[in-house]
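Data block for upload_11.cif (mmCIF, C-alpha atoms):
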data_run
#
loop_
_atom_site.group_PDB
_atom_site.id
_atom_site.type_symbol
_atom_site.label_atom_id
_atom_site.label_comp_id
_atom_site.auth_asym_id
_atom_site.auth_seq_id
_atom_site.Cartn_x
_atom_site.Cartn_y
_atom_site.Cartn_z
ATOM 1 C CA MET A 144 0.000 0.000 0.000
ATOM 2 C CA ILE A 145 1.316 3.453 -0.944
ATOM 3 C CA PHE A 146 0.154 7.029 -0.572
ATOM 4 C CA VAL A 147 -0.313 8.614 -4.007
ATOM 5 C CA ASN A 148 -1.433 12.207 -4.527
ATOM 6 C CA GLY A 149 -3.195 12.380 -1.173
ATOM 7 C CA GLU A 150 -4.917 8.986 -1.345
ATOM 8 C CA LEU A 151 -4.117 5.435 -0.308
ATOM 9 C CA SER A 152 -3.568 3.491 -3.512
ATOM 10 C CA VAL A 153 -2.012 0.324 -4.855
ATOM 11 C CA ASP A 154 -0.474 1.479 -8.114
ATOM 12 C CA LYS A 155 -2.351 4.478 -9.520
ATOM 13 C CA ILE A 156 0.113 7.054 -10.802
ATOM 14 C CA SER A 157 0.182 9.484 -13.724
ATOM 15 C CA LEU A 158 2.811 9.187 -16.441
ATOM 16 C CA ASP A 159 4.808 12.413 -16.633
ATOM 17 C CA SER A 160 8.349 13.632 -17.257
ATOM 18 C CA GLY A 161 9.384 11.949 -14.010
ATOM 19 C CA PHE A 162 8.666 8.602 -15.661
ATOM 20 C CA PHE A 163 9.875 9.500 -19.149
ATOM 21 C CA PHE A 164 12.948 11.598 -18.301
ATOM 22 C CA GLY A 165 13.663 11.226 -14.586
ATOM 23 C CA ARG A 166 12.519 14.763 -13.764
ATOM 24 C CA GLY A 167 11.786 14.316 -10.101
ATOM 25 C CA VAL A 168 13.392 14.129 -6.662
ATOM 26 C CA PHE A 169 13.058 11.937 -3.602
ATOM 27 C CA GLU A 170 13.891 11.755 0.082
ATOM 28 C CA THR A 171 14.104 8.857 2.521
ATOM 29 C CA ILE A 172 13.253 9.741 6.103
ATOM 30 C CA LEU A 173 13.763 7.806 9.307
ATOM 31 C CA VAL A 174 10.573 7.678 11.368
ATOM 32 C CA LYS A 175 10.592 6.833 15.055
ATOM 33 C CA GLU A 176 7.522 8.153 16.851
ATOM 34 C CA LYS A 177 7.639 10.916 14.239
ATOM 35 C CA PRO A 178 9.819 11.771 11.231
ATOM 36 C CA ILE A 179 13.422 12.644 12.121
ATOM 37 C CA PHE A 180 14.888 15.842 10.620
ATOM 38 C CA LEU A 181 11.665 16.412 8.666
ATOM 39 C CA ARG A 182 12.273 20.154 8.239
ATOM 40 C CA GLU A 183 15.716 19.543 6.757
ATOM 41 C CA HIS A 184 14.448 16.815 4.433
ATOM 42 C CA ILE A 185 11.611 18.991 3.127
ATOM 43 C CA GLN A 186 13.984 21.902 2.580
ATOM 44 C CA ARG A 187 16.322 19.711 0.521
ATOM 45 C CA LEU A 188 13.406 18.142 -1.356
ATOM 46 C CA ASN A 189 11.916 21.493 -2.340
ATOM 47 C CA SER A 190 15.326 22.836 -3.304
ATOM 48 C CA GLY A 191 15.793 19.815 -5.559
ATOM 49 C CA LEU A 192 12.371 20.362 -7.157
ATOM 50 C CA ASN A 193 13.425 23.900 -7.972
ATOM 51 C CA THR A 194 16.678 22.649 -9.540
ATOM 52 C CA VAL A 195 14.877 20.190 -11.843
ATOM 53 C CA ASN A 196 12.167 22.771 -12.655
ATOM 54 C CA VAL A 197 9.197 21.034 -11.075
ATOM 55 C CA ASN A 198 6.765 23.696 -9.887
ATOM 56 C CA LYS A 199 5.626 22.008 -6.660
ATOM 57 C CA LYS A 200 6.292 22.477 -2.987
ATOM 58 C CA ILE A 201 5.897 19.769 -0.353
ATOM 59 C CA THR A 202 4.798 20.655 3.176
ATOM 60 C CA ALA A 203 5.341 19.008 6.540
ATOM 61 C CA GLU A 204 1.586 18.532 6.875
ATOM 62 C CA GLU A 205 1.535 16.292 3.792
ATOM 63 C CA ILE A 206 4.267 14.092 5.249
ATOM 64 C CA TYR A 207 2.668 13.859 8.691
ATOM 65 C CA THR A 208 -0.657 12.906 7.097
ATOM 66 C CA ALA A 209 0.947 10.197 4.955
ATOM 67 C CA ALA A 210 2.953 8.782 7.876
ATOM 68 C CA LYS A 211 -0.217 8.540 9.950
ATOM 69 C CA LYS A 212 -2.311 6.897 7.218
ATOM 70 C CA LEU A 213 0.507 4.468 6.398
ATOM 71 C CA ASN A 214 0.906 3.741 10.126
ATOM 72 C CA CYS A 215 4.613 4.435 9.821
ATOM 73 C CA LYS A 216 6.486 4.246 13.124
ATOM 74 C CA ASN A 217 9.982 2.842 13.554
ATOM 75 C CA CYS A 218 10.246 2.524 9.800
ATOM 76 C CA VAL A 219 11.466 4.356 6.708
ATOM 77 C CA LEU A 220 9.334 6.786 4.727
ATOM 78 C CA LYS A 221 10.213 7.426 1.082
ATOM 79 C CA ILE A 222 8.847 10.489 -0.735
ATOM 80 C CA MET A 223 9.022 10.719 -4.528
ATOM 81 C CA VAL A 224 7.853 13.884 -6.266
ATOM 82 C CA SER A 225 7.453 14.628 -9.970
ATOM 83 C CA GLU A 226 5.240 16.992 -11.982
ATOM 84 C CA LYS A 227 1.998 15.031 -11.555
ATOM 85 C CA ASN A 228 2.819 12.674 -8.686
ATOM 86 C CA THR A 229 3.635 12.757 -5.024
ATOM 87 C CA ILE A 230 4.236 9.175 -3.960
ATOM 88 C CA ILE A 231 4.966 8.191 -0.374
ATOM 89 C CA THR A 232 5.788 4.642 0.681
ATOM 90 C CA LYS A 233 7.041 2.948 3.819
ATOM 91 C CA ARG A 234 9.470 0.086 4.383
ATOM 92 C CA GLU A 235 11.242 -1.661 7.203
ATOM 93 C CA MET A 236 14.719 -0.606 8.300
ATOM 94 C CA ALA A 237 17.396 -2.507 6.376
ATOM 95 C CA TYR A 238 20.241 -2.011 8.860
ATOM 96 C CA LYS A 239 20.628 -4.564 11.668
ATOM 97 C CA GLN A 240 22.465 -4.344 14.967
ATOM 98 C CA SER A 241 25.017 -6.801 13.604
ATOM 99 C CA ASP A 242 25.895 -4.251 10.885
ATOM 100 C CA TYR A 243 26.797 -1.668 13.527
ATOM 101 C CA ASP A 244 28.680 -4.211 15.638
ATOM 102 C CA GLU A 245 30.798 -5.377 12.709
ATOM 103 C CA GLY A 246 31.031 -2.177 10.658
ATOM 104 C CA PHE A 247 30.940 -1.759 6.881
ATOM 105 C CA ALA A 248 33.480 -2.632 4.225
ATOM 106 C CA LEU A 249 33.838 -0.146 1.351
ATOM 107 C CA GLY A 250 34.901 -0.954 -2.186
ATOM 108 C CA LEU A 251 36.191 1.638 -4.630
ATOM 109 C CA SER A 252 33.983 2.305 -7.663
ATOM 110 C CA GLU A 253 35.609 2.817 -11.052
ATOM 111 C CA VAL A 254 33.051 5.576 -11.783
ATOM 112 C CA ARG A 255 34.095 9.143 -10.965
ATOM 113 C CA ARG A 256 31.758 11.774 -9.536
ATOM 114 C CA ASN A 257 31.232 14.829 -11.754
ATOM 115 C CA ALA A 258 31.539 17.823 -9.437
ATOM 116 C CA HIS A 259 30.448 20.154 -12.287
ATOM 117 C CA SER A 260 26.982 18.630 -12.789
ATOM 118 C CA ASN A 261 24.017 20.206 -10.994
ATOM 119 C CA LEU A 262 22.396 16.781 -10.679
ATOM 120 C CA THR A 263 25.292 15.551 -8.546
ATOM 121 C CA TYR A 264 23.933 17.700 -5.718
ATOM 122 C CA VAL A 265 20.278 16.658 -6.097
ATOM 123 C CA LYS A 266 18.605 13.491 -4.819
ATOM 124 C CA SER A 267 16.907 12.966 -8.160
ATOM 125 C CA PHE A 268 15.164 10.091 -9.927
ATOM 126 C CA ASN A 269 18.390 9.757 -11.941
ATOM 127 C CA TYR A 270 19.815 7.478 -9.257
ATOM 128 C CA ILE A 271 20.535 4.367 -11.285
ATOM 129 C CA GLU A 272 24.307 4.909 -11.417
ATOM 130 C CA ASN A 273 24.451 4.777 -7.623
ATOM 131 C CA ILE A 274 22.380 1.606 -7.565
ATOM 132 C CA ILE A 275 24.414 -0.165 -10.262
ATOM 133 C CA GLU A 276 27.773 0.753 -8.744
ATOM 134 C CA ARG A 277 26.650 -0.301 -5.277
ATOM 135 C CA GLU A 278 25.391 -3.625 -6.653
ATOM 136 C CA LYS A 279 28.771 -4.234 -8.315
ATOM 137 C CA ILE A 280 30.588 -3.560 -5.063
ATOM 138 C CA VAL A 281 28.191 -5.650 -2.956
ATOM 139 C CA ASN A 282 28.686 -8.543 -5.369
ATOM 140 C CA LYS A 283 32.407 -8.311 -4.599
ATOM 141 C CA GLY A 284 31.704 -8.809 -0.888
ATOM 142 C CA TYR A 285 31.609 -5.198 0.298
ATOM 143 C CA ASN A 286 28.733 -3.224 1.844
ATOM 144 C CA GLU A 287 29.027 0.144 0.128
ATOM 145 C CA ALA A 288 30.657 1.755 -2.924
ATOM 146 C CA LEU A 289 33.068 4.670 -2.529
ATOM 147 C CA PHE A 290 33.438 7.290 -5.278
ATOM 148 C CA LEU A 291 36.329 9.548 -6.120
ATOM 149 C CA ASN A 292 35.617 12.641 -8.221
ATOM 150 C CA THR A 293 37.059 13.472 -11.641
ATOM 151 C CA GLU A 294 39.954 15.304 -9.941
ATOM 152 C CA GLY A 295 40.893 12.207 -7.952
ATOM 153 C CA PHE A 296 39.666 13.393 -4.542
ATOM 154 C CA ILE A 297 37.340 11.309 -2.362
ATOM 155 C CA SER A 298 33.717 12.301 -2.766
ATOM 156 C CA GLU A 299 31.015 10.102 -1.214
ATOM 157 C CA GLY A 300 29.484 6.655 -1.022
ATOM 158 C CA ALA A 301 26.687 5.416 -3.252
ATOM 159 C CA VAL A 302 24.192 6.031 -0.435
ATOM 160 C CA SER A 303 26.353 7.780 2.145
ATOM 161 C CA ASN A 304 28.721 10.578 3.094
ATOM 162 C CA ILE A 305 32.175 9.731 4.401
ATOM 163 C CA PHE A 306 34.293 11.015 7.307
ATOM 164 C CA PHE A 307 37.701 10.019 8.610
ATOM 165 C CA VAL A 308 39.683 10.729 11.760
ATOM 166 C CA GLN A 309 43.356 11.694 12.026
ATOM 167 C CA ASN A 310 45.068 13.027 15.153
ATOM 168 C CA GLY A 311 41.706 13.615 16.808
ATOM 169 C CA ILE A 312 40.456 15.796 13.940
ATOM 170 C CA ILE A 313 37.500 14.764 11.765
ATOM 171 C CA PHE A 314 37.836 15.302 8.033
ATOM 172 C CA THR A 315 35.139 15.128 5.361
ATOM 173 C CA PRO A 316 35.065 16.087 1.665
ATOM 174 C CA LYS A 317 33.617 19.502 0.980
ATOM 175 C CA ILE A 318 30.386 19.615 -0.994
ATOM 176 C CA LYS A 319 32.137 20.947 -4.091
ATOM 177 C CA CYS A 320 33.967 17.614 -4.328
ATOM 178 C CA GLY A 321 30.744 16.374 -5.949
ATOM 179 C CA LEU A 322 28.585 14.950 -3.204
ATOM 180 C CA LEU A 323 25.023 15.091 -1.961
ATOM 181 C CA PRO A 324 24.843 17.366 1.110
ATOM 182 C CA GLY A 325 23.608 14.788 3.593
ATOM 183 C CA ILE A 326 21.267 15.598 6.466
ATOM 184 C CA VAL A 327 23.329 13.652 9.016
ATOM 185 C CA ARG A 328 26.543 15.015 7.490
ATOM 186 C CA ASP A 329 25.297 18.535 8.208
ATOM 187 C CA PHE A 330 24.203 17.551 11.726
ATOM 188 C CA ILE A 331 27.704 16.343 12.568
ATOM 189 C CA ILE A 332 29.344 19.471 11.167
ATOM 190 C CA GLN A 333 26.920 21.793 12.949
ATOM 191 C CA ASN A 334 27.355 19.946 16.270
ATOM 192 C CA SER A 335 31.118 19.504 16.180
ATOM 193 C CA LEU A 336 31.686 21.913 19.075
ATOM 194 C CA ALA A 337 29.156 20.068 21.242
ATOM 195 C CA LEU A 338 30.917 16.818 20.375
ATOM 196 C CA GLY A 339 34.220 18.342 21.381
ATOM 197 C CA PHE A 340 35.928 17.662 18.058
ATOM 198 C CA GLU A 341 37.300 19.796 15.264
ATOM 199 C CA ILE A 342 35.904 19.127 11.783
ATOM 200 C CA GLN A 343 37.616 20.173 8.576
ATOM 201 C CA GLU A 344 36.014 20.089 5.117
ATOM 202 C CA GLY A 345 38.350 19.913 2.169
ATOM 203 C CA GLU A 346 39.802 18.001 -0.752
ATOM 204 C CA PHE A 347 41.358 14.721 0.356
ATOM 205 C CA THR A 348 43.079 11.941 -1.532
ATOM 206 C CA LEU A 349 42.455 8.235 -1.233
ATOM 207 C CA SER A 350 45.948 7.899 0.248
ATOM 208 C CA GLU A 351 45.047 10.319 3.039
ATOM 209 C CA LEU A 352 41.856 8.386 3.726
ATOM 210 C CA MET A 353 43.733 5.082 3.880
ATOM 211 C CA GLU A 354 46.066 6.491 6.571
ATOM 212 C CA ALA A 355 43.143 7.430 8.842
ATOM 213 C CA GLU A 356 42.855 6.309 12.449
ATOM 214 C CA GLY A 357 39.125 5.739 11.980
ATOM 215 C CA VAL A 358 36.496 6.029 9.256
ATOM 216 C CA PHE A 359 32.711 6.246 9.291
ATOM 217 C CA ILE A 360 29.874 6.857 6.861
ATOM 218 C CA THR A 361 26.476 8.447 7.370
ATOM 219 C CA ASN A 362 23.018 8.707 5.912
ATOM 220 C CA SER A 363 19.580 9.523 7.273
ATOM 221 C CA ILE A 364 18.580 5.896 7.764
ATOM 222 C CA MET A 365 21.799 4.241 8.972
ATOM 223 C CA GLY A 366 22.847 7.237 11.067
ATOM 224 C CA ILE A 367 26.514 6.601 11.932
ATOM 225 C CA MET A 368 28.191 3.447 10.597
ATOM 226 C CA LYS A 369 31.810 2.680 11.402
ATOM 227 C CA VAL A 370 33.996 1.441 8.547
ATOM 228 C CA ARG A 371 36.094 -1.626 9.223
ATOM 229 C CA LYS A 372 37.667 -1.962 5.802
ATOM 230 C CA ILE A 373 38.321 -0.083 2.552
ATOM 231 C CA GLY A 374 39.493 -2.328 -0.237
ATOM 232 C CA ASN A 375 42.074 -4.580 1.396
ATOM 233 C CA LYS A 376 42.908 -2.165 4.212
ATOM 234 C CA ASP A 377 41.492 -2.922 7.671
ATOM 235 C CA PHE A 378 40.725 -0.148 10.152
ATOM 236 C CA ASN A 379 40.799 -0.335 13.945
ATOM 237 C CA GLU A 380 38.033 0.734 16.288
ATOM 238 C CA SER A 381 38.078 4.501 16.859
ATOM 239 C CA ALA A 382 37.058 6.069 20.160
ATOM 240 C CA VAL A 383 36.193 9.257 18.275
ATOM 241 C CA VAL A 384 33.811 7.419 15.932
ATOM 242 C CA SER A 385 32.209 5.577 18.867
ATOM 243 C CA GLU A 386 31.602 8.851 20.726
ATOM 244 C CA ILE A 387 30.031 10.481 17.672
ATOM 245 C CA LYS A 388 27.714 7.510 17.237
ATOM 246 C CA ARG A 389 26.684 7.594 20.904
ATOM 247 C CA HIS A 390 25.923 11.310 20.684
ATOM 248 C CA TYR A 391 23.914 10.915 17.478
ATOM 249 C CA ASP A 392 21.941 7.906 18.740
ATOM 250 C CA ARG A 393 20.982 9.769 21.919
ATOM 251 C CA TYR A 394 19.865 12.753 19.872
ATOM 252 C CA VAL A 395 17.626 10.612 17.643
ATOM 253 C CA GLU A 396 16.103 8.712 20.562
ATOM 254 C CA ASN A 397 15.200 12.012 22.247
ATOM 255 C CA TYR A 398 14.395 13.865 19.037
ATOM 256 C CA LYS A 399 12.042 16.839 19.301
ATOM 257 C CA GLU A 400 11.154 18.937 16.245
#

Could you take the file, read its structure, and then write that structure out as C-alpha cells?
Amino acid sequence: MIFVNGELSVDKISLDSGFFFGRGVFETILVKEKPIFLREHIQRLNSGLNTVNVNKKITAEEIYTAAKKLNCKNCVLKIMVSEKNTIITKREMAYKQSDYDEGFALGLSEVRRNAHSNLTYVKSFNYIENIIEREKIVNKGYNEALFLNTEGFISEGAVSNIFFVQNGIIFTPKIKCGLLPGIVRDFIIQNSLALGFEIQEGEFTLSELMEAEGVFITNSIMGIMKVRKIGNKDFNESAVVSEIKRHYDRYVENYKE
C-alpha cells in the first residue's frame, strides 16, 4: 500500500516527465515516533524540485498525514515527487544491529563523480548509477561503494557521506567535491563543538583516507556506521567514531522537532 497524490492506492500514478525523463526528486526519512529531521528533508526536497524545474512544494503537513495513514512508526518513509505525482511509501529498516557491531566494508567504484553537474547535488530520480555501482561492489563482498571525483579526490558513497579521523580531527570532503549534502553530514558538522571535536572540510586523496585512524559513513537511515575496511585495508576501532555515534543515537532517541 502506498500514498499517491493524497490517497491510499495500490499502483495508480500518472505518467509524466518523471517517468519518461527522470525529472523528479526523492527523500528517505527515518521515522521513530515521528519523522526525524523532517524540516531539513523537506527543505532539501523542495530545493531539488526547484533545480529540476518542477513547480511544486511539499509541506510538513503532507508528510505527517501520509505517515499517519501508512501507520509508519519505527520505519522508513520514502517520498518521490514529480510533476503530476507525489508518492509516499514505507518500508522496514534494512540495517541490523550486527551491521553496527561489525562495521561496513567499502569498495572503490571505477566511476568518478562529476563535481560540475548540478544533478550531482540533487537526490533525483536519476539514481541508477548509484544503484548499479553499489550492486557491483556488494557482489564483490563489500557493503558500500566509494566514489572519487574526476579530480581524484574522495567524494562520497553510493548512499552515504564519508568522514575520517586523524590526530583527533574529523575530516570530510567539501560539498564541491561532488557529493550530496547529507542531512546527518550537516548535523555532525553543525554539532562539532558540542561533540568536542574539530571538523575540517576539504579536498582529500584516497591515500590520506587510507592512513586514517578511523572512518565512518552516514546517511539519514543508517545514522553513523563505522567502517572496518576499505578495499584490502582494515581499520581499527576509533574512540572518536564511537563517541560520535553515541551522541547521534541519543539525539535521535530524544528527538524533538

(message) Suppose a student applies the PyMOL selection byres ((chain A and resi 357-370) around 6) to this structure; what residues should they get, written as a ChimeraX atom specification?
(response) /A:173,246-248,303-308,327,355-356,371-372,381,388

Give me a file of those residues, with C-alpha atoms, as a CSV table (one decimal), keeping the file's coordinate frame.
chain,number,residue,atom,x,y,z
A,173,LEU,CA,13.8,7.8,9.3
A,246,GLY,CA,31.0,-2.2,10.7
A,247,PHE,CA,30.9,-1.8,6.9
A,248,ALA,CA,33.5,-2.6,4.2
A,303,SER,CA,26.4,7.8,2.1
A,304,ASN,CA,28.7,10.6,3.1
A,305,ILE,CA,32.2,9.7,4.4
A,306,PHE,CA,34.3,11.0,7.3
A,307,PHE,CA,37.7,10.0,8.6
A,308,VAL,CA,39.7,10.7,11.8
A,327,VAL,CA,23.3,13.7,9.0
A,355,ALA,CA,43.1,7.4,8.8
A,356,GLU,CA,42.9,6.3,12.4
A,371,ARG,CA,36.1,-1.6,9.2
A,372,LYS,CA,37.7,-2.0,5.8
A,381,SER,CA,38.1,4.5,16.9
A,388,LYS,CA,27.7,7.5,17.2

(request) Calculate how many Å separate CA of Asn189 (chain A) from CA of Ile145 (chain A), rounding to one decimal. (result) 21.0 Å

(message) One number please: CA of Cys320 (chain A) to CA of Glu272 (chain A), in Å, one decimal.
(response)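 Result for CA of Cys320 (chain A) versus CA of Glu272 (chain A): 17.5 Å, one decimal.
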
Could you expand the PyMOL selection byres ((chain A and resi 235) around 12) into the explicit residues it covers here, written as a PDB file with C-alpha atoms, in the coordinates of the input?
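Resulting contents of out-v5.pdb:
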ATOM      1  CA  THR A 171      14.104   8.857   2.521  1.00  0.00           C
ATOM      2  CA  ILE A 172      13.253   9.741   6.103  1.00  0.00           C
ATOM      3  CA  LEU A 173      13.763   7.806   9.307  1.00  0.00           C
ATOM      4  CA  VAL A 174      10.573   7.678  11.368  1.00  0.00           C
ATOM      5  CA  LYS A 175      10.592   6.833  15.055  1.00  0.00           C
ATOM      6  CA  CYS A 215       4.613   4.435   9.821  1.00  0.00           C
ATOM      7  CA  LYS A 216       6.486   4.246  13.124  1.00  0.00           C
ATOM      8  CA  ASN A 217       9.982   2.842  13.554  1.00  0.00           C
ATOM      9  CA  CYS A 218      10.246   2.524   9.800  1.00  0.00           C
ATOM     10  CA  VAL A 219      11.466   4.356   6.708  1.00  0.00           C
ATOM     11  CA  LEU A 220       9.334   6.786   4.727  1.00  0.00           C
ATOM     12  CA  LYS A 221      10.213   7.426   1.082  1.00  0.00           C
ATOM     13  CA  THR A 232       5.788   4.642   0.681  1.00  0.00           C
ATOM     14  CA  LYS A 233       7.041   2.948   3.819  1.00  0.00           C
ATOM     15  CA  ARG A 234       9.470   0.086   4.383  1.00  0.00           C
ATOM     16  CA  MET A 236      14.719  -0.606   8.300  1.00  0.00           C
ATOM     17  CA  ALA A 237      17.396  -2.507   6.376  1.00  0.00           C
ATOM     18  CA  TYR A 238      20.241  -2.011   8.860  1.00  0.00           C
ATOM     19  CA  LYS A 239      20.628  -4.564  11.668  1.00  0.00           C
ATOM     20  CA  ILE A 364      18.580   5.896   7.764  1.00  0.00           C
TER      21      ILE A 364
END

(request) Check the smallest atom-to-atom distance from each of A:Ile331, A:Gly167, A:Leu158, A:Asn193 to Asp392 (chain A) using all atoms listed in the file, then report the winner. (result) A:Ile331

(message) With the PyMOL selection byres ((chain A and resi 289-300) around 8) as the selection, what would be picked from this file? Answer as a VMD selection string, please.
(response) chain A and resid 249 to 258 287 to 288 301 to 305 316 320 to 323 346 to 349 360

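Across the model, the gap from CA of Val168 (chain A) to CA of Leu188 (chain A) is 6.7 Å.
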
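Neighbouring residues of Phe268 (chain A) at 12 Å or closer, counting all atoms listed in the file and skipping chain neighbours under 5 positions away, are A:Ser160, A:Gly161, A:Phe162, A:Phe163, A:Phe164, A:Gly165, A:Arg166, A:Gly167, A:Val168, A:Phe169, A:Glu170, A:Leu188, A:Gly191, A:Leu192, A:Val195, A:Ile222, A:Met223, A:Val224, A:Ser225, A:Leu262, A:Thr263, A:Asn273, A:Ile274.
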
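Close contacts of Thr202 (chain A), defined as residues with an atom at most 10 Å away when counting all atoms listed in the file, with chain neighbours fewer than 5 positions off set aside, comprise A:Leu181, A:Arg182, A:Ile185, A:Gln186, A:Asn189, A:Tyr207.
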
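The shortest atom-to-atom distance to Tyr394 (chain A), with all atoms listed in the file taken into account, belongs to A:Ile179 out of A:Val281, A:Leu151, A:Ile342, A:Ile179.
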
(request) Measuring atom to atom with only C-alpha atoms, identify which of A:Lys155, A:Lys376, A:Lys212, A:His184 is nearest to Gly325 (chain A). (result) A:His184

(message) Please determine, counting only C-alpha atoms, which residue among A:Glu245, A:Glu183, A:Glu276, A:Glu176 has the shortest atom-to-atom distance to Phe378 (chain A).
(response)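 Selected residue with least distance to Phe378 (chain A): A:Glu245.
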
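The nearest approach to Gly149 (chain A) among the residues A:Leu213, A:Ile271, A:Ile280, A:Ile312, with all atoms listed in the file taken into account, belongs to A:Leu213.
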
Would you place a box with edges along x, y and z of the file around all atoms of region 167-172 of chain A listed there, add 5 Å to each of its six sides, and report the centre and edge lengths in Å to one decimal, as lines of an AutoDock Vina configuration file?
center_x = 12.9
center_y = 11.6
center_z = -2.0
size_x = 12.3
size_y = 15.5
size_z = 26.2

(message) So, with all atoms listed in the file as the atoms that count, which of A:Glu380, A:Glu386, A:Glu354, A:Asp242 lies closest to Ala337 (chain A)?
(response)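 The closest residue to Ala337 (chain A) is A:Glu386.
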